[in-house]
Amino acid sequence: MIVVVFPVLLSSCIVVYRDFPVERIGKPPESRSYDLLFYHINPFSFPNEGGKEALHSVFNNQTPFANTADVTEIPPRGVFCLVDVEWRSPDTTASFFHYLSVATMTVLPSWSVQEGYKVRYYLYIDGANRKTFEYKITRKTGLWLGLLPVSWLNWFSYSQAEALEATSFQFFEDAKPVLSTLGPRERIIE
């Protein structure tokens with residue numbers, strides 16, 4: 001029974017991510033001008049739908065730094081980025097109706113338009129916080145059996161992973177003025 005019911009519940013849900021730098025999806029920094037970036041991504045306090053893996057992939061492979069290292073503490077020397085993703089959960093009414101919808105196997109509809117994330121990138125140089133960059137992502141959800149015929153729309157909407165990846169790429173773009181102040185020891189001599 002669960003094998004049949006669970007896929008129906010999932011496929012009768014529409015999730016849309018908005019209000020993030022869409023133009024940055026798939027556009028990592030062009031050059032690796034800097035030597036080493038230390039970073040840490042705080043644990044998620046919400047359901048991970050591929051976003052944490054996307055952030056790790058960006059910080060491991062797609063930064064303007066030749067090398068990266070995931071560390072747990074701010075190093076006294078060098079460049080460090082702390083990534084914190086804060087979930088703005090649905091309000092109480094939306095949560096109640098989400099639970100009610102799931103309890104009725106999505107016969108009763110529910111939706112949420114107040115959900116989302118605040119993604120903060122804290123940039124430290126030599127142990128001092130130089131600048132904090134914040135990006136907001138809106139998440140809208142609809143859960144209802146009547147959405148089953150149009151659930152294919154999820155394949156054409158952005159995912160949590162794409163939204164978080166885009167904010168990372170935007171962060172590296174926005175951080176260029178701060179990174180340009182790095183001394184020769186942090187830069188790669190070409």
# chains A, B, ... in the order shown; residues from 1 in each chain; ligands from 1
>>> closest_atom_pairs(of="region 13-81 of chain A", to="region 132-143 of chain A", cutoff="8 Å", atoms="only C-alpha atoms", output="JSON lines")
{"residue": "A:Cys13", "atom": "CA", "partner": "A:Leu143", "partner_atom": "CA", "distance": 4.4}
{"residue": "A:Ile14", "atom": "CA", "partner": "A:Gly142", "partner_atom": "CA", "distance": 5.1}
{"residue": "A:Val15", "atom": "CA", "partner": "A:Thr141", "partner_atom": "CA", "distance": 4.5}
{"residue": "A:Val16", "atom": "CA", "partner": "A:Lys140", "partner_atom": "CA", "distance": 5.1}
{"residue": "A:Tyr17", "atom": "CA", "partner": "A:Arg139", "partner_atom": "CA", "distance": 4.6}
{"residue": "A:Arg18", "atom": "CA", "partner": "A:Thr138", "partner_atom": "CA", "distance": 5.0}
{"residue": "A:Asp19", "atom": "CA", "partner": "A:Ile137", "partner_atom": "CA", "distance": 5.3}
{"residue": "A:Phe20", "atom": "CA", "partner": "A:Ile137", "partner_atom": "CA", "distance": 5.3}
>>> select_by_dssp(residues="chain A", states="helix (DSSP H, G or I)", output="PyMOL selection string")
chain A and resi 2-11+22-24+51-61+92-103+145-156+160-174+176-179
>>> residues_around(residues="Gly51 (chain A)", least_positions_apart="5", cutoff="10 Å", atoms="only C-alpha atoms", output="PyMOL selection string")
chain A and resi 44+56-57+85+159-165
>>> select_by_dssp(residues="region 30-185 of chain A", states="strand (DSSP E)", output="number ranges by chain")
A: 34-41, 65-70, 79-88, 110-125, 128-143
>>> atom_distance(atom1="CA of Arg32 (chain A)", atom2="CA of Gly50 (chain A)")
25.5 Å
>>> closest_residue(among="A:Asn61, A:Ser12, A:Thr68, A:Ser101", to="Leu37 (chain A)", atoms="only C-alpha atoms")
A:Thr68
>>> closest_residue(among="A:Leu100, A:Ile25, A:Ile41, A:Leu36", to="Ala69 (chain A)", atoms="only C-alpha atoms")
A:Leu36
>>> atom_distance(atom1="CA of Ala103 (chain A)", atom2="CA of Pro47 (chain A)")
19.3 Å
>>> closest_residue(among="A:Leu123, A:Val107, A:Ala128, A:Val71", to="Asp174 (chain A)", atoms="only C-alpha atoms")
A:Leu123
>>> atom_distance(atom1="CA of Trp87 (chain A)", atom2="CA of Thr106 (chain A)")
24.0 Å
>>> closest_residue(among="A:Leu179, A:Asp84, A:Pro43, A:Ala94", to="Pro109 (chain A)", atoms="only C-alpha atoms")
A:Ala94
